[in-house]
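The file coords.cif contains mmCIF, C-alpha atoms:
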```
data_target
#
loop_
_atom_site.label_atom_id
_atom_site.label_comp_id
_atom_site.auth_asym_id
_atom_site.auth_seq_id
_atom_site.Cartn_x
_atom_site.Cartn_y
_atom_site.Cartn_z
CA MET H 1 7.46 -32.36 -1.37
CA GLN H 2 5.65 -32.29 -4.68
CA ASP H 3 2.86 -30.24 -3.17
CA LEU H 4 5.37 -27.66 -2.05
CA ALA H 5 6.84 -27.49 -5.53
CA ASN H 6 3.35 -27.04 -6.96
CA ILE H 7 2.54 -24.18 -4.62
CA PHE H 8 5.88 -22.62 -5.39
CA ILE H 9 5.46 -22.69 -9.16
CA LYS H 10 1.83 -21.68 -8.96
CA SER H 11 2.55 -18.65 -6.82
CA ILE H 12 5.37 -17.49 -9.07
CA PHE H 13 3.81 -17.89 -12.48
CA ILE H 14 0.11 -18.67 -12.43
CA ASP H 15 -1.02 -16.55 -9.50
CA ASN H 16 1.57 -13.89 -10.09
CA MET H 17 1.03 -11.05 -7.64
CA VAL H 18 1.39 -8.31 -10.22
CA PHE H 19 -0.18 -9.77 -13.33
CA ALA H 20 -3.03 -11.78 -11.89
CA TYR H 21 -3.97 -9.72 -8.84
CA PHE H 22 -2.41 -6.29 -9.38
CA LEU H 23 -0.85 -6.29 -5.95
CA GLY H 24 2.09 -4.05 -5.20
CA MET H 25 1.36 -2.00 -8.30
CA CYS H 26 2.18 1.34 -6.70
CA SER H 27 5.79 0.61 -5.91
CA TYR H 28 5.97 -1.51 -9.06
CA LEU H 29 5.20 1.57 -11.14
CA ALA H 30 7.13 4.05 -9.05
CA VAL H 31 10.42 2.18 -8.60
CA SER H 32 10.75 0.45 -11.96
CA LYS H 33 12.71 3.17 -13.73
CA THR H 34 16.08 1.38 -13.52
CA VAL H 35 16.95 -2.29 -13.21
CA LYS H 36 19.34 -1.75 -10.33
CA THR H 37 16.90 -0.21 -7.89
CA SER H 38 14.17 -2.61 -8.86
CA VAL H 39 16.42 -5.58 -8.10
CA GLY H 40 17.01 -4.12 -4.62
CA LEU H 41 13.33 -3.57 -3.92
CA GLY H 42 12.44 -6.97 -5.35
CA LEU H 43 14.89 -8.73 -3.04
CA ALA H 44 13.57 -6.83 -0.04
CA VAL H 45 10.02 -7.87 -0.92
CA VAL H 46 11.01 -11.55 -1.27
CA PHE H 47 12.70 -11.35 2.11
CA VAL H 48 9.82 -9.67 3.94
CA LEU H 49 7.22 -11.95 2.35
CA GLY H 50 9.24 -15.00 3.33
CA ILE H 51 9.10 -13.87 6.95
CA THR H 52 5.67 -12.31 7.36
CA VAL H 53 3.57 -15.02 5.70
CA PRO H 54 4.68 -17.82 8.06
CA VAL H 55 4.43 -15.51 11.08
CA ASN H 56 0.92 -14.50 10.11
CA TYR H 57 0.14 -18.15 9.43
CA THR H 58 1.08 -19.03 12.99
CA LEU H 59 -0.96 -16.13 14.28
CA GLU H 60 -3.95 -17.15 12.19
CA ASN H 61 -3.88 -20.74 13.39
CA TYR H 62 -3.08 -20.22 17.06
CA VAL H 63 -4.85 -16.96 17.82
CA LEU H 64 -7.34 -15.75 15.25
CA LYS H 65 -9.26 -18.68 13.78
CA GLU H 66 -12.40 -19.95 15.43
CA GLY H 67 -11.30 -22.38 18.12
CA ALA H 68 -7.66 -21.52 17.54
CA LEU H 69 -7.21 -20.57 21.18
CA THR H 70 -8.11 -24.05 22.42
CA TRP H 71 -4.46 -24.77 23.17
CA LEU H 72 -4.65 -22.12 25.86
CA ASN H 73 -7.77 -23.31 27.60
CA GLU H 74 -10.61 -25.68 26.68
CA GLY H 75 -13.10 -22.92 27.42
CA PHE H 76 -11.84 -20.83 24.52
CA SER H 77 -12.88 -23.33 21.85
CA THR H 78 -15.74 -21.13 20.63
CA VAL H 79 -13.82 -17.87 20.55
CA ASP H 80 -13.57 -16.41 17.05
CA LEU H 81 -11.22 -13.48 16.73
CA SER H 82 -11.09 -13.40 12.94
CA PHE H 83 -12.44 -9.84 12.82
CA LEU H 84 -9.10 -8.74 14.25
CA THR H 85 -7.26 -10.15 11.24
CA PHE H 86 -6.48 -6.90 9.46
CA ILE H 87 -5.19 -5.02 12.44
CA LEU H 88 -2.99 -7.90 13.65
CA PHE H 89 -1.60 -8.70 10.20
CA ILE H 90 -0.71 -5.09 9.49
CA ALA H 91 0.88 -4.73 12.91
CA VAL H 92 3.00 -7.83 12.26
CA ILE H 93 4.02 -6.52 8.86
CA ALA H 94 4.90 -3.05 10.10
CA SER H 95 6.93 -4.38 13.00
CA MET H 96 8.62 -7.06 10.86
CA VAL H 97 9.67 -4.43 8.35
CA GLN H 98 11.06 -2.36 11.19
CA LEU H 99 12.87 -5.40 12.55
CA VAL H 100 14.29 -6.41 9.19
CA GLU H 101 15.45 -2.85 8.72
CA MET H 102 17.31 -2.87 12.04
CA ILE H 103 18.88 -6.28 11.44
CA VAL H 104 20.05 -5.40 7.96
CA GLU H 105 21.42 -2.10 9.20
CA LYS H 106 23.40 -3.83 11.93
CA PHE H 107 24.80 -6.79 10.00
CA SER H 108 25.03 -5.62 6.42
CA PRO H 109 25.42 -1.85 6.14
CA ALA H 110 26.20 -2.15 2.42
CA LEU H 111 22.89 -3.86 1.66
CA TYR H 112 21.16 -1.41 3.98
CA SER H 113 22.41 1.63 2.13
CA SER H 114 21.38 0.17 -1.20
CA LEU H 115 17.93 -0.80 0.06
CA GLY H 116 17.63 2.01 2.60
CA ILE H 117 14.78 4.04 1.17
CA PHE H 118 12.72 1.09 0.00
CA LEU H 119 12.63 -0.95 3.17
CA PRO H 120 10.17 1.25 5.09
CA LEU H 121 8.06 1.59 1.95
CA ILE H 122 7.46 -2.14 1.97
CA ALA H 123 5.17 -1.85 4.99
CA VAL H 124 2.55 -0.26 2.76
CA ASN H 125 3.21 -2.47 -0.26
CA CYS H 126 -0.09 -4.19 -0.82
CA ALA H 127 1.61 -7.35 -2.09
CA ILE H 128 2.73 -8.09 1.46
CA LEU H 129 -0.64 -7.73 3.15
CA GLY H 130 -2.27 -9.31 0.09
CA ALA H 131 -0.14 -12.44 0.39
CA SER H 132 -1.09 -12.83 4.06
CA LEU H 133 -4.76 -12.40 3.25
CA PHE H 134 -4.59 -14.90 0.39
CA MET H 135 -2.80 -17.29 2.74
CA GLN H 136 -5.75 -16.95 5.11
CA GLU H 137 -8.35 -17.29 2.37
CA ARG H 138 -6.79 -20.37 0.80
CA ALA H 139 -6.18 -22.00 4.21
CA TYR H 140 -2.82 -23.66 3.59
CA GLY H 141 -2.28 -26.83 5.54
CA THR H 142 1.17 -26.47 7.06
CA ILE H 143 3.57 -23.71 7.90
CA GLY H 144 5.89 -25.08 5.22
CA GLU H 145 3.27 -24.51 2.55
CA ALA H 146 2.66 -21.00 3.82
CA THR H 147 6.38 -20.19 3.74
CA VAL H 148 6.76 -21.56 0.24
CA PHE H 149 3.74 -19.57 -0.87
CA GLY H 150 5.21 -16.40 0.63
CA LEU H 151 8.59 -16.92 -1.03
CA GLY H 152 7.00 -17.84 -4.35
CA SER H 153 4.81 -14.75 -4.38
CA GLY H 154 7.84 -12.64 -3.59
CA ILE H 155 9.85 -14.17 -6.42
CA GLY H 156 6.96 -13.65 -8.81
CA TRP H 157 6.84 -9.99 -7.85
CA PHE H 158 10.62 -9.76 -8.22
CA LEU H 159 10.47 -11.19 -11.76
CA ALA H 160 7.73 -8.77 -12.72
CA ILE H 161 9.46 -5.63 -11.48
CA VAL H 162 12.84 -6.55 -12.96
CA GLY H 163 11.18 -7.37 -16.28
CA ILE H 164 9.31 -4.09 -16.52
CA ALA H 165 12.39 -2.13 -15.44
CA ALA H 166 14.43 -3.71 -18.23
CA ILE H 167 11.75 -2.85 -20.78
CA ARG H 168 11.46 0.72 -19.49
CA GLU H 169 15.20 1.22 -19.79
CA LYS H 170 15.01 0.25 -23.44
CA ILE H 171 11.86 2.16 -24.24
CA ARG H 172 13.68 5.43 -23.81
CA TYR H 173 14.94 4.95 -27.34
CA SER H 174 11.53 4.47 -28.89
CA ASN H 175 9.18 7.07 -30.18
CA VAL H 176 6.15 6.84 -27.92
CA PRO H 177 3.23 9.23 -28.55
CA PRO H 178 3.76 12.16 -26.16
CA ALA H 179 0.54 11.73 -24.20
CA LEU H 180 1.30 8.08 -23.62
CA ARG H 181 4.83 8.58 -22.34
CA GLY H 182 5.69 7.49 -18.82
CA LEU H 183 2.74 6.10 -16.96
CA GLY H 184 0.45 5.31 -19.88
CA ILE H 185 2.86 3.15 -21.82
CA THR H 186 3.97 1.39 -18.63
CA PHE H 187 0.38 0.38 -17.99
CA ILE H 188 -0.04 -0.98 -21.49
CA ILE H 189 3.27 -2.87 -21.40
CA THR H 190 2.30 -4.39 -18.06
CA GLY H 191 -0.96 -5.45 -19.66
CA LEU H 192 0.92 -7.14 -22.49
CA MET H 193 3.27 -8.85 -20.03
CA GLY H 194 0.20 -9.98 -18.13
CA ILE H 195 -1.23 -11.55 -21.28
CA ALA H 196 2.08 -13.36 -21.78
CA PHE H 197 1.98 -14.61 -18.21
CA MET H 198 -1.56 -15.85 -18.69
CA SER H 199 -0.23 -18.58 -20.92
CA PHE H 200 1.19 -20.18 -17.77
CA MET H 201 -2.37 -20.76 -16.68
CA GLY H 202 -2.48 -23.77 -19.00
CA ILE H 203 0.20 -25.58 -17.01
CA LYS H 204 -1.23 -28.67 -15.44
CA LEU H 205 0.80 -29.39 -12.35
CA GLU H 206 1.55 -33.06 -11.76
CA ASP H 207 0.20 -34.00 -8.38
CA SER H 208 0.79 -36.91 -6.05
CA LYS H 209 -2.92 -37.09 -5.31
CA LYS H 210 -5.01 -36.96 -8.46
CA GLU H 211 -8.21 -35.74 -6.81
CA VAL H 212 -6.42 -32.89 -5.20
CA SER H 213 -5.08 -31.72 -8.52
CA THR H 214 -8.51 -31.46 -10.11
CA GLU H 215 -9.83 -29.85 -6.98
CA GLU H 216 -7.04 -27.35 -7.08
CA PHE H 217 -7.72 -26.70 -10.72
CA VAL H 218 -11.35 -25.95 -9.95
CA GLN H 219 -10.19 -23.72 -7.14
CA VAL H 220 -8.00 -21.76 -9.51
CA GLU H 221 -10.93 -21.36 -11.85
CA ASN H 222 -13.09 -20.22 -8.96
CA ASN H 223 -10.49 -17.71 -7.92
CA GLU H 224 -10.38 -16.41 -11.46
CA THR H 225 -14.11 -15.92 -11.66
CA LYS H 226 -14.18 -14.40 -8.23
CA ILE H 227 -11.55 -11.88 -9.13
CA ASN H 228 -13.31 -11.24 -12.36
CA MET I 1 -13.83 24.08 12.01
CA SER I 2 -12.29 26.26 9.31
CA ASP I 3 -10.74 29.65 9.86
CA LYS I 4 -13.24 32.35 10.72
CA LYS I 5 -11.99 34.56 7.91
CA GLU I 6 -12.40 31.80 5.38
CA ALA I 7 -15.82 30.71 4.19
CA LEU I 8 -16.66 27.02 4.41
CA PHE I 9 -16.76 26.65 0.65
CA SER I 10 -14.24 29.27 -0.34
CA LYS I 11 -12.44 28.99 -3.67
CA LYS I 12 -9.40 27.52 -1.98
CA ASN I 13 -11.45 24.79 -0.37
CA LEU I 14 -13.32 23.99 -3.55
CA LYS I 15 -9.99 23.67 -5.31
CA LEU I 16 -9.18 20.86 -2.91
CA ILE I 17 -12.09 18.97 -4.39
CA LYS I 18 -11.62 19.95 -8.01
CA ASP I 19 -7.89 19.37 -8.35
CA PRO I 20 -7.88 15.62 -7.72
CA LEU I 21 -10.50 15.09 -10.42
CA ASP I 22 -8.15 16.00 -13.24
CA ASP I 23 -4.91 17.93 -12.71
CA ASN I 24 -3.85 15.98 -9.68
CA ASN I 25 -5.81 12.76 -10.03
CA PRO I 26 -4.68 10.22 -7.44
CA ILE I 27 -4.65 7.31 -9.88
CA THR I 28 -3.49 8.75 -13.15
CA VAL I 29 -1.17 11.50 -11.92
CA GLN I 30 -0.09 10.77 -8.37
CA VAL I 31 0.05 7.02 -9.16
CA LEU I 32 -1.52 6.04 -5.85
CA GLY I 33 -3.99 3.28 -5.16
CA ILE I 34 -3.51 1.46 -8.44
CA CYS I 35 -3.68 -2.05 -7.01
CA SER I 36 -7.21 -1.97 -5.74
CA ALA I 37 -8.34 0.22 -8.60
CA LEU I 38 -7.43 -2.31 -11.26
CA ALA I 39 -8.47 -5.50 -9.57
CA ILE I 40 -12.12 -4.74 -9.07
CA THR I 41 -13.01 -3.01 -12.32
CA VAL I 42 -14.50 -6.00 -14.14
CA GLN I 43 -18.01 -5.00 -13.14
CA LEU I 44 -19.58 -1.75 -12.12
CA LYS I 45 -21.12 -2.97 -8.89
CA PRO I 46 -17.95 -3.94 -7.01
CA ALA I 47 -16.25 -0.84 -8.40
CA VAL I 48 -18.95 1.39 -6.95
CA VAL I 49 -18.91 -0.45 -3.61
CA MET I 50 -15.13 -0.12 -3.51
CA ALA I 51 -15.31 3.58 -4.32
CA LEU I 52 -17.85 4.13 -1.54
CA SER I 53 -15.80 2.16 1.00
CA THR I 54 -12.68 4.10 0.13
CA PHE I 55 -14.67 7.33 0.30
CA PHE I 56 -15.79 6.54 3.84
CA VAL I 57 -12.38 5.37 5.06
CA MET I 58 -10.54 8.24 3.46
CA CYS I 59 -12.75 11.07 4.73
CA THR I 60 -12.96 9.66 8.24
CA ALA I 61 -9.27 8.82 8.50
CA ASN I 62 -8.33 12.26 7.22
CA VAL I 63 -10.49 13.96 9.85
CA VAL I 64 -9.37 11.69 12.70
CA VAL I 65 -5.68 12.04 11.92
CA SER I 66 -6.07 15.75 11.42
CA LEU I 67 -7.69 16.04 14.86
CA MET I 68 -4.82 14.12 16.41
CA ARG I 69 -2.09 15.78 14.37
CA ASN I 70 -0.64 17.72 17.28
CA MET I 71 -0.51 14.69 19.54
CA ILE I 72 1.17 12.20 17.21
CA PRO I 73 4.94 11.88 17.70
CA SER I 74 6.47 11.91 14.25
CA ARG I 75 8.58 8.80 14.82
CA ILE I 76 5.65 6.46 15.23
CA ARG I 77 3.18 8.27 13.00
CA ILE I 78 3.05 5.52 10.37
CA ILE I 79 1.90 2.84 12.74
CA ILE I 80 -0.66 5.18 14.31
CA GLN I 81 -2.04 6.01 10.89
CA LEU I 82 -2.17 2.32 10.03
CA VAL I 83 -4.10 1.57 13.21
CA VAL I 84 -6.64 4.31 12.47
CA ILE I 85 -7.08 3.07 8.91
CA ALA I 86 -7.23 -0.60 9.91
CA THR I 87 -9.95 0.11 12.47
CA LEU I 88 -12.05 1.92 9.89
CA VAL I 89 -11.51 -0.83 7.33
CA ILE I 90 -12.65 -3.47 9.82
CA LEU I 91 -15.86 -1.44 10.24
CA VAL I 92 -16.36 -1.35 6.48
CA ASP I 93 -15.56 -5.03 6.06
CA GLN I 94 -17.98 -6.14 8.77
CA THR I 95 -20.69 -3.87 7.39
CA LEU I 96 -20.26 -5.26 3.88
CA LYS I 97 -20.32 -8.82 5.18
CA ALA I 98 -23.52 -8.11 7.07
CA PHE I 99 -25.49 -6.31 4.38
CA VAL I 100 -24.12 -7.17 0.92
CA TYR I 101 -22.46 -10.54 1.43
CA ASP I 102 -22.13 -11.46 -2.24
CA VAL I 103 -20.35 -8.22 -3.09
CA SER I 104 -18.00 -8.66 -0.15
CA LYS I 105 -17.16 -12.16 -1.45
CA GLU I 106 -16.44 -10.71 -4.88
CA LEU I 107 -14.15 -8.07 -3.46
CA SER I 108 -12.39 -10.85 -1.50
CA VAL I 109 -9.10 -9.59 -0.08
CA PHE I 110 -9.39 -6.18 -1.66
CA VAL I 111 -11.48 -4.69 1.12
CA GLY I 112 -8.65 -5.54 3.50
CA LEU I 113 -6.23 -4.04 1.08
CA ILE I 114 -7.82 -0.62 1.52
CA ILE I 115 -5.51 -0.51 4.55
CA THR I 116 -2.48 -0.48 2.35
CA ASN I 117 -4.13 1.59 -0.33
CA CYS I 118 -1.47 4.18 -0.83
CA ILE I 119 -3.98 6.94 -1.56
CA ILE I 120 -5.11 6.92 2.02
CA MET I 121 -1.64 6.78 3.55
CA GLY I 122 -0.41 9.28 0.99
CA ARG I 123 -3.10 11.83 1.72
CA LEU I 124 -2.70 11.36 5.48
CA GLU I 125 1.03 11.94 5.22
CA ALA I 126 0.86 14.76 2.72
CA PHE I 127 -2.21 16.60 3.89
CA ALA I 128 -4.02 15.60 7.06
CA LEU I 129 -0.91 15.76 9.24
CA ALA I 130 -0.46 19.42 8.44
CA ASN I 131 -3.98 20.76 8.02
CA LYS I 132 -7.15 21.46 9.96
CA PRO I 133 -9.98 18.92 10.06
CA TRP I 134 -12.38 20.69 7.68
CA LYS I 135 -9.71 21.13 5.02
CA SER I 136 -8.61 17.55 5.49
CA PHE I 137 -12.17 16.43 5.03
CA MET I 138 -12.41 18.38 1.78
CA ASP I 139 -9.12 16.88 0.64
CA GLY I 140 -10.31 13.37 1.45
CA PHE I 141 -13.59 14.06 -0.31
CA GLY I 142 -11.87 15.33 -3.44
CA ASN I 143 -9.33 12.57 -3.60
CA SER I 144 -11.83 9.80 -3.14
CA LEU I 145 -13.89 11.33 -5.96
CA GLY I 146 -10.75 11.44 -8.05
CA TYR I 147 -10.17 7.79 -7.18
CA ALA I 148 -13.74 6.84 -8.04
CA LEU I 149 -13.79 8.54 -11.44
CA PRO I 150 -11.27 6.39 -13.38
CA LEU I 151 -12.45 3.36 -11.43
CA ILE I 152 -16.02 3.74 -12.61
CA VAL I 153 -15.09 4.73 -16.17
CA VAL I 154 -12.82 1.68 -16.56
CA ALA I 155 -15.38 -0.64 -14.95
CA PHE I 156 -18.10 0.78 -17.21
CA PHE I 157 -16.22 -0.07 -20.39
CA ARG I 158 -14.97 -3.43 -19.18
CA GLU I 159 -18.39 -4.62 -18.14
CA LEU I 160 -20.11 -3.22 -21.23
CA LEU I 161 -17.61 -4.60 -23.74
CA GLY I 162 -16.68 -7.75 -21.87
CA ALA I 163 -19.99 -9.04 -20.61
CA GLY I 164 -22.49 -6.81 -22.40
CA THR I 165 -24.12 -5.74 -19.15
CA LEU I 166 -24.23 -2.69 -16.87
CA PHE I 167 -24.81 -3.34 -13.17
CA GLY I 168 -25.77 -6.84 -14.32
CA TYR I 169 -28.49 -5.48 -16.64
CA PRO I 170 -28.11 -6.97 -20.15
CA VAL I 171 -27.88 -3.73 -22.14
CA ILE I 172 -26.52 -5.18 -25.37
CA GLU I 173 -29.11 -7.92 -25.43
CA LYS I 174 -31.95 -5.45 -24.95
CA LEU I 175 -30.59 -3.29 -27.75
CA GLY I 176 -30.72 -6.34 -29.99
CA LEU I 177 -27.10 -6.05 -31.10
CA TYR I 178 -26.47 -9.79 -30.78
CA GLU I 179 -28.89 -10.43 -33.62
CA LEU I 180 -26.84 -8.14 -35.81
CA GLY I 181 -23.81 -10.36 -35.24
CA TYR I 182 -22.22 -8.45 -32.34
CA GLU I 183 -20.22 -10.53 -29.91
CA ASN I 184 -18.85 -9.78 -26.48
CA ASN I 185 -15.11 -9.30 -26.27
CA GLY I 186 -14.22 -11.88 -23.65
CA MET I 187 -10.72 -10.49 -23.44
CA MET I 188 -11.95 -7.39 -21.61
CA ILE I 189 -12.75 -9.58 -18.62
CA LEU I 190 -9.19 -10.86 -18.26
CA PRO I 191 -6.99 -9.09 -15.72
CA PRO I 192 -4.42 -7.66 -18.19
CA MET I 193 -7.09 -5.69 -20.02
CA ALA I 194 -7.68 -3.64 -16.87
CA LEU I 195 -4.17 -2.32 -17.30
CA VAL I 196 -4.60 -1.59 -20.98
CA THR I 197 -7.97 0.11 -20.47
CA CYS I 198 -6.47 2.20 -17.71
CA GLY I 199 -3.51 3.02 -19.95
CA VAL I 200 -5.89 4.24 -22.64
CA TYR I 201 -7.74 6.32 -20.04
CA ILE I 202 -4.46 7.97 -19.08
CA TRP I 203 -3.65 8.51 -22.73
CA ILE I 204 -6.93 10.30 -23.41
CA GLN I 205 -6.66 12.36 -20.25
CA ARG I 206 -3.18 13.54 -21.13
CA MET I 207 -4.13 14.36 -24.69
CA ARG I 208 -6.74 16.74 -23.30
CA ASN I 209 -4.54 18.08 -20.54
CA LYS I 210 -1.17 18.80 -22.08
CA LYS I 211 0.62 19.87 -18.93
CA LEU I 212 0.48 16.34 -17.55
CA ILE I 213 2.65 14.93 -20.33
CA GLU I 214 5.83 13.34 -19.00
CA GLU I 215 9.28 13.71 -20.48
CA ASN I 216 9.94 10.04 -20.91
#
```
Rewrite the structure from the file as structure tokens, please.
Amino acid sequence: MQDLANIFIKSIFIDNMVFAYFLGMCSYLAVSKTVKTSVGLGLAVVFVLGITVPVNYTLENYVLKEGALTWLNEGFSTVDLSFLTFILFIAVIASMVQLVEMIVEKFSPALYSSLGIFLPLIAVNCAILGASLFMQERAYGTIGEATVFGLGSGIGWFLAIVGIAAIREKIRYSNVPPALRGLGITFIITGLMGIAFMSFMGIKLEDSKKEVSTEEFVQVENNETKIN
Amino acid sequence: MSDKKEALFSKKNLKLIKDPLDDNNPITVQVLGICSALAITVQLKPAVVMALSTFFVMCTANVVVSLMRNMIPSRIRIIIQLVVIATLVILVDQTLKAFVYDVSKELSVFVGLIITNCIIMGRLEAFALANKPWKSFMDGFGNSLGYALPLIVVAFFRELLGAGTLFGYPVIEKLGLYELGYENNGMMILPPMALVTCGVYIWIQRMRNKKLIEEN
């Protein structure tokens, strides 16, 4: 239980999709003009991430990984299909988005009309594919962990886009240098928000197993240097 | 492949290459492909590898989709485009893993994320679906150059100021600036500074090119 909470908090604050990895920046910049629309898109992203990460996790562990097909036949224990990762993950994401779109349209037309335009856009939001690829890279142990990671990443993205939208609504009243207006200032504000979010990196998450916590800490450091 | 009346490098075709470099830059004006652009600009080497990979995927995908443009039903065009892109990205990923393994480790998930790089989808949707292969190739060529330019400029400054090296070569040390009391600015290595550096790049570009200035 504690592990799940750790993953959850880590994926929201410390490994925030936007500020630590710059994922989903395109829609983050394009749709953050008003708070209302950004809340809609943020919710849709949380939803889709919460579904696609566990589905891709299952796929990874029962189809793609080396020896993952053993459940089908003993002879398949050396088959390694991991080179098919990208194409399968993106197919899952595209079809999931389509599915979610149809379900929402059928059962909640009001939500559908408010999300309408953004839903299909999510298929090409890099935060979604990014979360699946991180899930694969970090090799989470159970499907529960993967789900929590997906939801946490989504919520982190949601927080980021709502925050920037609120700031952008206010910045209309400030006197920004003309050449910096619009995109430029949004970049710089995101940078500042990112610096603020970096202070979460100091959080030491209490862990049930002490060794794991240090190991995880080292892993975070490694991830940092790798990204850097 | 181009029209017989039109020369291969006519003005119109050259404009396809020139426009994305400044007036219609994919990163700073069209706001496409930001995610991958920012994440790998800490050092020059991964930035250059990324630019080359995108260059390959973009040109090839543009040509392939343009060749198929009359066969693709518009309802399922997105998934067809994604399949074309994903196939090309798998090629790039496997090649990188085989020949420059350390760089491919550094790029980590970002090679895979070329698939969802909106520049590629955006150009396929906006250009390749409606134009002939040669023009699409020129468009892909121009846009990947336009993508590479800010990428390399930002990576240049971040590596120089943050680590004091260029392509891993210790420039500052060789110049002897450390003895004069110069110190690296470790902040440039942190992720948020990519955004600020890129913001400054946009600022300078728009100061030179007034027509890009936004209302608000």
Please write as an MDAnalysis selection string the full residue list that the PyMOL selection byres ((chain H and resi 35-46) around 8) yields on this file.
chainID H and resid 31:34 47:50 114:115 118:119 122 128 150:151 153:155 157:159 161:162 165:166 169
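Each of I:Tyr201, I:Phe110, I:Tyr182, I:Phe55 was compared to I:Ile27 using only C-alpha atoms, and I:Tyr201 turns out to be the nearest.
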With only C-alpha atoms considered, list every residue of chain I at most 8 Å from chain H, as a ChimeraX atom specification.
/I:28,31-36,38-40,42-43,79,82-83,86-87,90,94,105-110,112-113,116-118,189-196,198-200,202-204,206-207,210,213-216
Tell me, in Å to one decimal, how far atom CA of I:Leu124 is from atom CA of I:Val65.
7.1 Å
If you measure from atom CA of I:Met50 to atom CA of I:Asp93, what distance in Å do you get, rounded to one decimal?
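Those two atoms sit 10.8 Å apart.
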Identify, on the basis of all atoms listed in the file, every residue whose closest approach to I:Leu67 does not exceed 8 Å; exclude the query and any residue fewer than 3 positions from it along the same chain; express the result as a PDB file with C-alpha atoms, in the coordinates of the input.
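Written file, selection-v3.pdb:
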```
ATOM      1  CA  VAL I  63     -10.490  13.960   9.850  1.00  0.00           C
ATOM      2  CA  VAL I  64      -9.370  11.690  12.700  1.00  0.00           C
ATOM      3  CA  ASN I  70      -0.640  17.720  17.280  1.00  0.00           C
ATOM      4  CA  LYS I 132      -7.150  21.460   9.960  1.00  0.00           C
ATOM      5  CA  PRO I 133      -9.980  18.920  10.060  1.00  0.00           C
TER       6      PRO I 133
END
```
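Considering the residues I:Met187, I:Asn62, I:Met71, I:Lys45 and counting only C-alpha atoms, I:Asp139 has its shortest atom-to-atom contact with I:Asn62.
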Return as number ranges by chain the set of residues that the PyMOL selection byres ((chain H and resi 142) around 10) yields on the displayed structure.
H: 54, 57-58, 61, 139-141, 143-147
Kindly save the residues from that selection, with C-alpha atoms included, as a PDB file, in the frame of the given file.
```pdb
ATOM      1  CA  PRO H  54       4.680 -17.820   8.060  1.00  0.00           C
ATOM      2  CA  TYR H  57       0.140 -18.150   9.430  1.00  0.00           C
ATOM      3  CA  THR H  58       1.080 -19.030  12.990  1.00  0.00           C
ATOM      4  CA  ASN H  61      -3.880 -20.740  13.390  1.00  0.00           C
ATOM      5  CA  ALA H 139      -6.180 -22.000   4.210  1.00  0.00           C
ATOM      6  CA  TYR H 140      -2.820 -23.660   3.590  1.00  0.00           C
ATOM      7  CA  GLY H 141      -2.280 -26.830   5.540  1.00  0.00           C
ATOM      8  CA  ILE H 143       3.570 -23.710   7.900  1.00  0.00           C
ATOM      9  CA  GLY H 144       5.890 -25.080   5.220  1.00  0.00           C
ATOM     10  CA  GLU H 145       3.270 -24.510   2.550  1.00  0.00           C
ATOM     11  CA  ALA H 146       2.660 -21.000   3.820  1.00  0.00           C
ATOM     12  CA  THR H 147       6.380 -20.190   3.740  1.00  0.00           C
TER      13      THR H 147
END
```
Exercise on stretch 181-185 of chain I, axis-aligned box with 6 Å per side, report centre and edge lengths in Å to one decimal, as lines of an AutoDock Vina configuration file:
```
center_x = -19.5
center_y = -9.5
center_z = -30.8
size_x = 20.7
size_y = 14.1
size_z = 21.0
```
Identify which of the residues I:Asn13, I:Thr95, I:Asn185, I:Asn143 lies closest to I:Val111, counting all atoms listed in the file when measuring atom-to-atom distances.
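Nearest candidate to I:Val111 out of I:Asn13, I:Thr95, I:Asn185, I:Asn143: I:Thr95.
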